[in-house]
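Data block for data.pdb (PDB, C-alpha atoms and all ligand atoms):
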ATOM      1  CA  MET A   1     -16.880  11.156 -10.079
ATOM      2  CA  THR A   2     -15.764   7.657 -10.896
ATOM      3  CA  THR A   3     -16.588   5.051  -8.252
ATOM      4  CA  ALA A   4     -15.688   1.390  -7.979
ATOM      5  CA  LEU A   5     -19.063   0.524  -9.407
ATOM      6  CA  ASP A   6     -18.643   2.443 -12.636
ATOM      7  CA  ALA A   7     -14.872   2.031 -12.916
ATOM      8  CA  PRO A   8     -13.701   0.557 -16.226
ATOM      9  CA  PRO A   9     -13.256  -3.270 -16.363
ATOM     10  CA  LEU A  10     -10.393  -4.282 -14.097
ATOM     11  CA  ASP A  11      -8.615  -7.034 -16.035
ATOM     12  CA  PRO A  12      -7.200  -4.802 -18.805
ATOM     13  CA  ILE A  13      -6.304  -2.076 -16.284
ATOM     14  CA  LEU A  14      -4.360  -4.493 -14.077
ATOM     15  CA  ASP A  15      -2.578  -5.974 -17.101
ATOM     16  CA  ASP A  16      -1.587  -2.487 -18.182
ATOM     17  CA  ILE A  17      -0.453  -1.598 -14.642
ATOM     18  CA  VAL A  18       1.853  -4.642 -14.703
ATOM     19  CA  ARG A  19       3.178  -3.733 -18.163
ATOM     20  CA  THR A  20       3.843  -0.158 -17.062
ATOM     21  CA  HIS A  21       5.290  -0.724 -13.602
ATOM     22  CA  ARG A  22       7.151  -4.051 -13.665
ATOM     23  CA  PRO A  23      10.772  -2.958 -13.007
ATOM     24  CA  GLN A  24      13.055  -3.146 -16.026
ATOM     25  CA  ARG A  25      16.238  -2.647 -14.023
ATOM     26  CA  GLU A  26      17.523  -3.123 -10.504
ATOM     27  CA  ALA A  27      16.539   0.183  -8.849
ATOM     28  CA  GLY A  28      16.055   0.836  -5.121
ATOM     29  CA  SER A  29      17.296  -1.437  -2.351
ATOM     30  CA  VAL A  30      16.459  -4.408  -0.139
ATOM     31  CA  PRO A  31      16.891  -4.430   3.658
ATOM     32  CA  THR A  32      20.306  -5.611   4.760
ATOM     33  CA  HIS A  33      19.119  -7.163   8.038
ATOM     34  CA  ILE A  34      16.903  -9.735   6.282
ATOM     35  CA  PRO A  35      19.238 -11.734   4.020
ATOM     36  CA  SER A  36      16.486 -13.890   2.444
ATOM     37  CA  LEU A  37      14.912 -10.819   0.808
ATOM     38  CA  ALA A  38      18.045 -10.105  -1.242
ATOM     39  CA  ALA A  39      17.506 -13.324  -3.232
ATOM     40  CA  VAL A  40      14.154 -12.253  -4.725
ATOM     41  CA  PRO A  41      14.457 -11.234  -8.429
ATOM     42  CA  TYR A  42      14.153  -7.455  -8.818
ATOM     43  CA  ASN A  43      11.603  -7.712 -11.627
ATOM     44  CA  ARG A  44       8.871  -9.503  -9.698
ATOM     45  CA  PHE A  45       5.616  -7.567  -9.828
ATOM     46  CA  GLY A  46       2.132  -8.783  -8.942
ATOM     47  CA  ILE A  47      -1.245  -7.241  -8.171
ATOM     48  CA  ALA A  48      -4.549  -8.640  -6.916
ATOM     49  CA  VAL A  49      -7.879  -6.947  -6.223
ATOM     50  CA  ALA A  50     -10.418  -8.781  -4.033
ATOM     51  CA  THR A  51     -13.820  -7.142  -4.343
ATOM     52  CA  ALA A  52     -16.475  -6.852  -1.653
ATOM     53  CA  SER A  53     -18.733  -9.067  -3.774
ATOM     54  CA  GLY A  54     -16.194 -11.906  -3.738
ATOM     55  CA  ASP A  55     -14.453 -11.571  -7.119
ATOM     56  CA  VAL A  56     -10.669 -11.593  -7.381
ATOM     57  CA  PHE A  57      -8.837  -9.909 -10.278
ATOM     58  CA  THR A  58      -5.113 -10.499 -10.749
ATOM     59  CA  SER A  59      -2.198  -9.754 -12.998
ATOM     60  CA  GLY A  60       1.546 -10.459 -13.066
ATOM     61  CA  ASP A  61       3.134 -12.427 -10.218
ATOM     62  CA  ALA A  62      -0.009 -12.400  -8.059
ATOM     63  CA  HIS A  63       0.286 -16.092  -7.220
ATOM     64  CA  ILE A  64       3.929 -16.128  -6.050
ATOM     65  CA  PRO A  65       4.363 -16.131  -2.238
ATOM     66  CA  PHE A  66       6.464 -13.337  -0.741
ATOM     67  CA  SER A  67       7.439 -12.285   2.769
ATOM     68  CA  ILE A  68       4.631 -10.162   4.253
ATOM     69  CA  GLN A  69       6.934  -8.493   6.831
ATOM     70  CA  SER A  70       5.206  -5.437   8.361
ATOM     71  CA  ILE A  71       1.873  -6.080   6.649
ATOM     72  CA  SER A  72       1.493  -8.613   9.485
ATOM     73  CA  LYS A  73       1.058  -5.632  11.845
ATOM     74  CA  VAL A  74      -2.427  -4.913  10.442
ATOM     75  CA  PHE A  75      -3.570  -8.415  11.274
ATOM     76  CA  THR A  76      -1.983  -8.671  14.726
ATOM     77  CA  LEU A  77      -3.709  -5.399  15.612
ATOM     78  CA  ALA A  78      -7.007  -6.893  14.403
ATOM     79  CA  MET A  79      -6.379  -9.950  16.592
ATOM     80  CA  ALA A  80      -5.569  -7.739  19.596
ATOM     81  CA  LEU A  81      -8.824  -5.812  19.075
ATOM     82  CA  GLN A  82     -10.730  -9.105  18.670
ATOM     83  CA  ARG A  83      -9.521 -10.114  22.111
ATOM     84  CA  GLY A  84     -11.661  -7.345  23.554
ATOM     85  CA  GLY A  85     -10.207  -5.348  26.427
ATOM     86  CA  THR A  86      -9.221  -2.833  23.766
ATOM     87  CA  SER A  87      -8.471  -0.275  26.442
ATOM     88  CA  SER A  88      -5.534  -2.345  27.579
ATOM     89  CA  VAL A  89      -3.793  -2.378  24.199
ATOM     90  CA  TRP A  90      -4.625   1.296  23.632
ATOM     91  CA  SER A  91      -3.194   2.208  27.022
ATOM     92  CA  ARG A  92       0.146   0.816  25.823
ATOM     93  CA  VAL A  93       0.375   2.214  22.273
ATOM     94  CA  LEU A  94      -0.769   5.486  20.663
ATOM     95  CA  ARG A  95      -2.401   6.266  17.307
ATOM     96  CA  GLU A  96      -0.209   9.060  16.015
ATOM     97  CA  PRO A  97       2.001   9.074  12.916
ATOM     98  CA  SER A  98       5.613   8.713  13.953
ATOM     99  CA  GLY A  99       7.394  10.751  11.287
ATOM    100  CA  THR A 100      10.426   8.588  11.998
ATOM    101  CA  ALA A 101      11.784   5.348  10.534
ATOM    102  CA  PHE A 102       9.887   2.141  11.315
ATOM    103  CA  ASN A 103      12.676   0.898  13.574
ATOM    104  CA  SER A 104      13.642   4.188  15.226
ATOM    105  CA  LEU A 105      14.829   4.094  18.834
ATOM    106  CA  VAL A 106      14.981   7.829  19.456
ATOM    107  CA  GLN A 107      11.264   8.543  19.759
ATOM    108  CA  LEU A 108      10.693   5.627  22.119
ATOM    109  CA  GLU A 109      13.218   6.987  24.599
ATOM    110  CA  VAL A 110      11.853  10.538  24.435
ATOM    111  CA  GLU A 111       8.266   9.318  24.827
ATOM    112  CA  HIS A 112       8.929   7.022  27.782
ATOM    113  CA  GLY A 113       8.340   3.676  26.144
ATOM    114  CA  ILE A 114       4.876   4.338  24.694
ATOM    115  CA  PRO A 115       5.150   3.689  20.926
ATOM    116  CA  ARG A 116       3.559   6.224  18.592
ATOM    117  CA  ASN A 117       1.401   3.639  16.793
ATOM    118  CA  PRO A 118       0.959  -0.137  16.302
ATOM    119  CA  PHE A 119       2.487  -0.093  12.798
ATOM    120  CA  ILE A 120       6.040   0.827  13.716
ATOM    121  CA  ASN A 121       8.225  -1.939  15.125
ATOM    122  CA  ALA A 122       8.021  -0.744  18.750
ATOM    123  CA  GLY A 123       4.218  -0.677  18.572
ATOM    124  CA  ALA A 124       4.042  -4.098  16.948
ATOM    125  CA  LEU A 125       6.265  -5.531  19.689
ATOM    126  CA  VAL A 126       3.780  -4.241  22.283
ATOM    127  CA  VAL A 127       0.846  -5.728  20.337
ATOM    128  CA  THR A 128       2.718  -9.042  20.090
ATOM    129  CA  ASP A 129       3.397  -8.989  23.825
ATOM    130  CA  HIS A 130      -0.314  -8.315  24.409
ATOM    131  CA  LEU A 131      -1.311 -11.287  22.215
ATOM    132  CA  MET A 132       1.270 -13.575  23.827
ATOM    133  CA  GLU A 133      -0.365 -13.155  27.225
ATOM    134  CA  GLU A 134      -3.253 -15.273  26.017
ATOM    135  CA  THR A 135      -1.607 -17.169  23.153
ATOM    136  CA  PRO A 136       2.114 -17.704  23.733
ATOM    137  CA  ASP A 137       2.607 -18.761  20.099
ATOM    138  CA  ALA A 138       0.995 -15.643  18.643
ATOM    139  CA  ALA A 139       2.746 -16.160  15.278
ATOM    140  CA  SER A 140       1.019 -19.524  14.734
ATOM    141  CA  ALA A 141      -2.296 -17.971  15.799
ATOM    142  CA  LEU A 142      -1.699 -15.221  13.223
ATOM    143  CA  LEU A 143      -0.986 -17.858  10.586
ATOM    144  CA  ARG A 144      -4.309 -19.574  11.332
ATOM    145  CA  PHE A 145      -6.116 -16.222  11.178
ATOM    146  CA  LEU A 146      -4.546 -15.452   7.800
ATOM    147  CA  ALA A 147      -5.265 -18.900   6.329
ATOM    148  CA  ARG A 148      -8.893 -18.616   7.437
ATOM    149  CA  GLU A 149      -9.350 -15.159   5.896
ATOM    150  CA  ALA A 150      -7.337 -15.960   2.762
ATOM    151  CA  GLY A 151      -9.596 -18.954   2.281
ATOM    152  CA  GLY A 152      -6.973 -21.699   2.057
ATOM    153  CA  PRO A 153      -3.914 -23.324   3.608
ATOM    154  CA  GLY A 154      -1.474 -21.309   1.460
ATOM    155  CA  PRO A 155       0.181 -19.008   4.029
ATOM    156  CA  PHE A 156       3.233 -20.469   5.779
ATOM    157  CA  ILE A 157       6.056 -19.291   8.020
ATOM    158  CA  ASP A 158       9.484 -19.314   6.364
ATOM    159  CA  GLU A 159      11.238 -20.533   9.511
ATOM    160  CA  ALA A 160      14.719 -20.398   7.927
ATOM    161  CA  ALA A 161      14.211 -16.739   6.968
ATOM    162  CA  ALA A 162      12.912 -16.005  10.472
ATOM    163  CA  ALA A 163      15.959 -17.627  12.097
ATOM    164  CA  ASN A 164      18.175 -15.644   9.777
ATOM    165  CA  GLU A 165      16.467 -12.338  10.576
ATOM    166  CA  LEU A 166      16.544 -13.174  14.273
ATOM    167  CA  SER A 167      20.315 -13.417  14.189
ATOM    168  CA  ASN A 168      20.343  -9.857  12.757
ATOM    169  CA  SER A 169      17.777  -8.418  15.174
ATOM    170  CA  SER A 170      19.905  -6.242  17.446
ATOM    171  CA  ARG A 171      17.750  -3.215  16.736
ATOM    172  CA  ASN A 172      14.422  -4.927  17.428
ATOM    173  CA  LEU A 173      15.952  -6.425  20.590
ATOM    174  CA  ALA A 174      17.065  -2.942  21.620
ATOM    175  CA  LEU A 175      13.511  -1.663  21.113
ATOM    176  CA  ALA A 176      12.109  -4.564  23.144
ATOM    177  CA  HIS A 177      14.573  -3.961  25.988
ATOM    178  CA  PHE A 178      13.684  -0.257  25.970
ATOM    179  CA  LEU A 179       9.992  -1.186  26.226
ATOM    180  CA  LYS A 180      10.807  -3.542  29.061
ATOM    181  CA  ASP A 181      12.743  -0.883  30.904
ATOM    182  CA  PHE A 182       9.737   1.431  30.622
ATOM    183  CA  ARG A 183       7.511  -1.423  31.891
ATOM    184  CA  ASN A 184       5.616  -1.670  28.623
ATOM    185  CA  LEU A 185       6.588  -5.286  27.903
ATOM    186  CA  ARG A 186       5.424  -8.214  30.037
ATOM    187  CA  GLN A 187       7.124 -11.216  28.399
ATOM    188  CA  PRO A 188      10.888 -11.556  28.100
ATOM    189  CA  ALA A 189      12.221  -9.272  25.342
ATOM    190  CA  GLU A 190      13.848 -12.187  23.454
ATOM    191  CA  PHE A 191      10.585 -14.183  23.301
ATOM    192  CA  VAL A 192       8.624 -11.221  21.979
ATOM    193  CA  VAL A 193      11.179 -10.421  19.274
ATOM    194  CA  GLU A 194      11.384 -14.063  18.196
ATOM    195  CA  ASN A 195       7.606 -14.287  17.884
ATOM    196  CA  TYR A 196       7.405 -10.936  16.061
ATOM    197  CA  VAL A 197      10.076 -11.977  13.544
ATOM    198  CA  ARG A 198       8.176 -15.205  12.817
ATOM    199  CA  GLN A 199       5.025 -13.147  12.149
ATOM    200  CA  CYS A 200       6.994 -11.000   9.694
ATOM    201  CA  SER A 201       8.334 -14.145   7.955
ATOM    202  CA  ILE A 202       4.897 -15.382   6.893
ATOM    203  CA  MET A 203       4.796 -16.014   3.154
ATOM    204  CA  MET A 204       1.640 -15.163   1.184
ATOM    205  CA  THR A 205       0.646 -14.296  -2.372
ATOM    206  CA  CYS A 206      -1.003 -11.043  -3.480
ATOM    207  CA  VAL A 207      -4.259 -12.962  -3.934
ATOM    208  CA  GLU A 208      -4.137 -14.359  -0.391
ATOM    209  CA  LEU A 209      -3.293 -10.996   1.166
ATOM    210  CA  ALA A 210      -6.021  -9.150  -0.731
ATOM    211  CA  ARG A 211      -8.571 -11.740   0.387
ATOM    212  CA  ALA A 212      -7.284 -11.673   3.972
ATOM    213  CA  GLY A 213      -7.637  -7.875   4.060
ATOM    214  CA  LEU A 214     -11.184  -7.869   2.755
ATOM    215  CA  PHE A 215     -12.743  -7.526   6.219
ATOM    216  CA  LEU A 216     -11.283  -4.005   6.366
ATOM    217  CA  ALA A 217     -13.158  -3.054   3.186
ATOM    218  CA  ARG A 218     -16.371  -4.710   4.362
ATOM    219  CA  GLU A 219     -16.954  -3.083   7.750
ATOM    220  CA  GLY A 220     -15.369  -5.991   9.601
ATOM    221  CA  HIS A 221     -16.925  -8.857   7.602
ATOM    222  CA  GLY A 222     -14.220 -11.178   6.331
ATOM    223  CA  THR A 223     -14.297 -14.228   4.104
ATOM    224  CA  SER A 224     -14.882 -16.429   7.175
ATOM    225  CA  GLY A 225     -17.565 -14.269   8.823
ATOM    226  CA  THR A 226     -17.392 -11.307  11.190
ATOM    227  CA  VAL A 227     -13.797 -10.494  12.140
ATOM    228  CA  LEU A 228     -14.315  -7.133  13.836
ATOM    229  CA  SER A 229     -17.072  -4.643  14.535
ATOM    230  CA  ARG A 230     -17.637  -1.872  11.989
ATOM    231  CA  ASN A 231     -16.060   0.660  14.335
ATOM    232  CA  GLU A 232     -12.930  -1.403  14.950
ATOM    233  CA  ALA A 233     -12.493  -1.980  11.199
ATOM    234  CA  LYS A 234     -12.871   1.776  10.654
ATOM    235  CA  ARG A 235     -10.189   2.469  13.252
ATOM    236  CA  ILE A 236      -7.682   0.107  11.647
ATOM    237  CA  GLY A 237      -8.319   1.815   8.295
ATOM    238  CA  SER A 238      -7.695   5.200   9.902
ATOM    239  CA  ILE A 239      -4.386   4.066  11.381
ATOM    240  CA  MET A 240      -3.373   2.597   8.013
ATOM    241  CA  LEU A 241      -4.048   5.969   6.360
ATOM    242  CA  THR A 242      -2.040   7.957   8.897
ATOM    243  CA  CYS A 243       0.688   5.468   9.888
ATOM    244  CA  GLY A 244       0.746   2.582   7.386
ATOM    245  CA  MET A 245       3.697   3.757   5.291
ATOM    246  CA  TYR A 246       5.947   4.913   8.169
ATOM    247  CA  ASP A 247       7.378   8.368   7.577
ATOM    248  CA  ALA A 248       6.054   8.324   3.997
ATOM    249  CA  ALA A 249       2.411   8.129   5.135
ATOM    250  CA  GLY A 250       1.721  11.735   4.141
ATOM    251  CA  GLU A 251       3.193  11.321   0.676
ATOM    252  CA  PHE A 252       1.283   8.073   0.114
ATOM    253  CA  ALA A 253      -2.000   9.647   1.265
ATOM    254  CA  PHE A 254      -1.309  12.566  -1.069
ATOM    255  CA  ARG A 255      -0.593  10.370  -4.076
ATOM    256  CA  VAL A 256      -2.931   7.422  -3.515
ATOM    257  CA  GLY A 257      -5.589   8.672  -1.097
ATOM    258  CA  LEU A 258      -6.227   5.225   0.378
ATOM    259  CA  PRO A 259      -5.355   3.446   3.655
ATOM    260  CA  GLY A 260      -2.320   1.226   3.059
ATOM    261  CA  LYS A 261       0.220  -0.898   4.879
ATOM    262  CA  SER A 262       3.603  -1.788   3.484
ATOM    263  CA  GLY A 263       6.250  -4.330   4.378
ATOM    264  CA  VAL A 264       9.947  -4.499   3.548
ATOM    265  CA  GLY A 265       9.228  -7.670   1.556
ATOM    266  CA  GLY A 266       7.874  -5.220  -1.061
ATOM    267  CA  GLY A 267       4.159  -5.825  -0.476
ATOM    268  CA  ILE A 268       1.537  -3.116   0.063
ATOM    269  CA  LEU A 269      -2.015  -3.871   1.183
ATOM    270  CA  VAL A 270      -4.531  -1.141   0.374
ATOM    271  CA  ILE A 271      -8.190  -0.804   1.307
ATOM    272  CA  VAL A 272     -10.925   0.861  -0.735
ATOM    273  CA  PRO A 273     -13.672   1.040   1.905
ATOM    274  CA  GLY A 274     -16.887  -0.583   0.752
ATOM    275  CA  HIS A 275     -15.344  -1.804  -2.497
ATOM    276  CA  CYS A 276     -12.196  -3.910  -2.384
ATOM    277  CA  ALA A 277      -8.814  -4.810  -0.907
ATOM    278  CA  ILE A 278      -5.767  -4.519  -3.153
ATOM    279  CA  CYS A 279      -2.353  -6.122  -2.741
ATOM    280  CA  VAL A 280       0.587  -5.127  -4.893
ATOM    281  CA  TRP A 281       4.068  -6.611  -4.626
ATOM    282  CA  SER A 282       7.441  -5.673  -6.042
ATOM    283  CA  PRO A 283      10.546  -6.294  -3.925
ATOM    284  CA  ARG A 284      12.791  -3.260  -4.447
ATOM    285  CA  LEU A 285      12.272  -0.490  -1.876
ATOM    286  CA  ASP A 286      12.606   3.278  -1.652
ATOM    287  CA  ALA A 287      14.582   5.023   1.091
ATOM    288  CA  LYS A 288      11.640   4.800   3.512
ATOM    289  CA  GLY A 289      11.272   1.020   3.118
ATOM    290  CA  ASN A 290       8.205   1.041   0.858
ATOM    291  CA  SER A 291       7.975  -0.782  -2.480
ATOM    292  CA  LEU A 292       9.160   1.566  -5.218
ATOM    293  CA  ALA A 293       7.183   0.088  -8.098
ATOM    294  CA  GLY A 294       4.276  -0.825  -5.807
ATOM    295  CA  SER A 295       3.782   2.783  -4.641
ATOM    296  CA  GLU A 296       3.953   4.053  -8.240
ATOM    297  CA  ALA A 297       1.468   1.426  -9.388
ATOM    298  CA  LEU A 298      -1.037   2.270  -6.648
ATOM    299  CA  ALA A 299      -0.889   5.992  -7.445
ATOM    300  CA  ASP A 300      -1.508   5.098 -11.094
ATOM    301  CA  LEU A 301      -4.355   2.686 -10.248
ATOM    302  CA  SER A 302      -6.057   5.230  -8.011
ATOM    303  CA  ASP A 303      -5.792   7.892 -10.756
ATOM    304  CA  ARG A 304      -7.203   5.533 -13.391
ATOM    305  CA  THR A 305     -10.111   4.197 -11.309
ATOM    306  CA  GLY A 306     -10.910   7.220  -9.130
ATOM    307  CA  TRP A 307     -10.629   4.971  -6.061
ATOM    308  CA  SER A 308      -9.802   7.042  -3.000
ATOM    309  CA  VAL A 309     -11.403   7.883   0.315
ATOM    310  CA  PHE A 310     -11.691  11.526  -0.739
TER     311      PHE A 310
HETATM  312  N1  LIG A 401      10.841  -7.700  10.067
HETATM  313  C1  LIG A 401      11.090  -6.343   9.702
HETATM  314  C2  LIG A 401      11.785  -5.596  10.838
HETATM  315  O1  LIG A 401      11.433  -5.776  11.945
HETATM  316  C3  LIG A 401       9.803  -5.677   9.339
HETATM  317  C4  LIG A 401       9.977  -4.230   8.966
HETATM  318  C5  LIG A 401       9.069  -3.755   7.880
HETATM  319  O2  LIG A 401       8.497  -4.494   7.091
HETATM  320  N2  LIG A 401       8.991  -2.462   7.768
HETATM  321  O3  LIG A 401      12.696  -4.838  10.640
END

Can the structure from this file be put into structure tokens for me?
Amino acid sequence: MTTALDAPPLDPILDDIVRTHRPQREAGSVPTHIPSLAAVPYNRFGIAVATASGDVFTSGDAHIPFSIQSISKVFTLAMALQRGGTSSVWSRVLREPSGTAFNSLVQLEVEHGIPRNPFINAGALVVTDHLMEETPDAASALLRFLAREAGGPGPFIDEAAAANELSNSSRNLALAHFLKDFRNLRQPAEFVVENYVRQCSIMMTCVELARAGLFLAREGHGTSGTVLSRNEAKRIGSIMLTCGMYDAAGEFAFRVGLPGKSGVGGGILVIVPGHCAICVWSPRLDAKGNSLAGSEALADLSDRTGWSVF
């Protein structure tokens, strides 16, 4: 079996992954409710691997900032678990795959306002509400967390993009009002959605995201020290594996075999426990809202290196 330790040298593999998977034509789509994402050139493609020993390997557009969107949900969950009182966040959100779209309203109504998991929008709104109880500006706290773990001041909030998305946020507002009606939201729905959209509008590079995700590959030890206990880091990895790609989580687990989290900005963060964190980015999406070229590239990378949790 090939492991990370005896995998072939990474630089030529990553260069070949970029050559093979960088889109040559405008396939897939971009989300219509986030106008800023439509302006990103379709042929952007970057990849970064941050290893447990502290090395970073990159290829392609790994140093260009992009909108992290739902990848933020991994880090807000980590912050909620850091706060302790884990029972309170877990009494408000479940840990089951949803099998529905990331912004689906139907399931929330049927299941009485308890979101299926923290990585769909309804679940992330509950996590945001939970964080806002202690830190009203949870988005700025997230930004500080990310800068600390990424090891530099690079991450920033694209406030114009956030304002733009906010004016197209009827669906997220509907989810928040549903949650409120079921008494699973404590702050005003508008405040929670505004804060959530600002979290999604954080801009980071593949290198920064891979470094920021390293604590999940290192049993909770991040670049700045201990972020979470080993057990909490394990749990986030488990939820990424089962829920990180929305209703394509099964297909992604089948093809890649690693815990991942995608965002509609085209980024995917993937964890190889004990070995490395990987971030790939390419903006055009498949029908489920996951990066088309990014998903292909990760399946290819996992096949070439043997990296998987199985
Ligand atoms: N900001 C986006 C939304 O709420 C995030 C969705 C995503 O990345 N899947 O619709």

Neighbouring residues of ligand LIG 401 (chain A) are defined here as those with any atom at most 9 Å from a ligand atom, counting all atoms listed in the file; list them as a PyMOL selection string. chain A and resi 31+33-34+67-73+101-103+119-121+162+165-166+169+171-172+193+196-201+245-246+262-267+288-290

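Distances to Gly220 of chain A were evaluated for A:Val18, A:Val207, A:Ile236, A:Leu175 using only C-alpha atoms, and the minimum falls at A:Ile236.
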
Nearest to Ser167 of chain A, restricted to all atoms listed in the file and choosing among A:Ala38, A:Ala50, A:Thr135, A:Glu194, comes out as A:Glu194

Given all atoms listed in the file as the basis, pick out the residue of A:Thr58, A:Ser170, A:Gln82, A:Thr51 nearest to Arg218 of chain A.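 Of the candidates, the smallest distance to Arg218 of chain A is held by A:Thr51.
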
So that I can check the surroundings of Ala141 of chain A, please list as a ChimeraX atom specification every protein, DNA and RNA residue that reaches within 10 Å of it, counting only C-alpha atoms and ignoring chain neighbours fewer than 5 positions away. /A:76,79,131-132,135-136,146-147,199

Which residue, A:Lys261, A:Arg144, A:His177, A:His221, has the smallest gap to Cys243 of chain A when you use all atoms listed in the file? A:Lys261

Selected residue of minimal separation from His21 of chain A among A:Ser224, A:Ser295, A:Thr100, A:Asn117, counting all atoms listed in the file: A:Ser295

Pick from A:Arg116, A:Pro97, A:Ser88, A:Gln187, whichever lies nearest to Thr128 of chain A using all atoms listed in the file: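 So, comparing all the options, the nearest one is A:Gln187.
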
Atom-to-atom span, atom CA of Val227 of chain A and atom CA of Leu241 of chain A, Å: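 Interatomic distance, atom CA of Val227 of chain A to atom CA of Leu241 of chain A: 20.0 Å.
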
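Between atom CA of Ile278 of chain A and atom CA of Ala210 of chain A lies a distance of 5.2 Å.
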
Show me as a VMD selection string the residues that reach within 12 Å of (-4.8, 5.4, -16.6), counting only C-alpha atoms and using the file's own coordinates. chain A and resid 7 to 8 10 12 to 17 20 297 to 306

Identify, on the basis of all atoms listed in the file, every residue whose closest approach to Ala39 of chain A does not exceed 10 Å; exclude the query and any residue fewer than 3 positions from it along the same chain; express the result as a ChimeraX atom specification. /A:30,35-36,42,283

Between atom CA of Glu134 of chain A and atom CA of Gly244 of chain A - distance in Å to one decimal: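 For atom CA of Gly244 of chain A relative to atom CA of Glu134 of chain A, the distance reads 26.1 Å.
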
Who sits within 7 Å of Ala189 of chain A, all atoms listed in the file, same chain under 5 positions skipped, as a PyMOL selection string: chain A and resi 173+176-177+180

Leu179 of chain A environment, 10 Å, all atoms listed in the file, sequence neighbours closer than 6 positions dropped, as an MDAnalysis selection string: chainID A and resid 108:109 112:115 122:123 125:126 173 185:186 189

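Near Gly274 of chain A, within 12 Å and counting only C-alpha atoms, sit Thr3, Ala4, Leu5, Ala50, Thr51, Ala52, Ser53, Leu214, Phe215, Leu216, Ala217, Arg218, Glu219, Gly220, His221, Arg230, Ala233, Lys234, Gly237, Trp307, Ser308 and Val309 of chain A, not including residues fewer than 4 positions from it in the same chain.
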
Identify all residues satisfying the PyMOL selection byres (((chain A and resi 281) around 8) and not hetatm) in the given file; provide them as JSON, numbers by chain. {"A": [44, 45, 46, 47, 62, 206, 266, 267, 268, 279, 280, 282, 283, 291, 294]}

Ground truth for the PyMOL selection byres (((chain A and resi 24-27) around 8) and not hetatm), written as a PDB file with C-alpha atoms, in the frame of the given file:
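Result went into expr_29.pdb, see below:
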ATOM      1  CA  ARG A  22       7.151  -4.051 -13.665  1.00  0.00           C
ATOM      2  CA  PRO A  23      10.772  -2.958 -13.007  1.00  0.00           C
ATOM      3  CA  GLY A  28      16.055   0.836  -5.121  1.00  0.00           C
ATOM      4  CA  SER A  29      17.296  -1.437  -2.351  1.00  0.00           C
ATOM      5  CA  TYR A  42      14.153  -7.455  -8.818  1.00  0.00           C
ATOM      6  CA  ASN A  43      11.603  -7.712 -11.627  1.00  0.00           C
ATOM      7  CA  ARG A 284      12.791  -3.260  -4.447  1.00  0.00           C
TER       8      ARG A 284
END
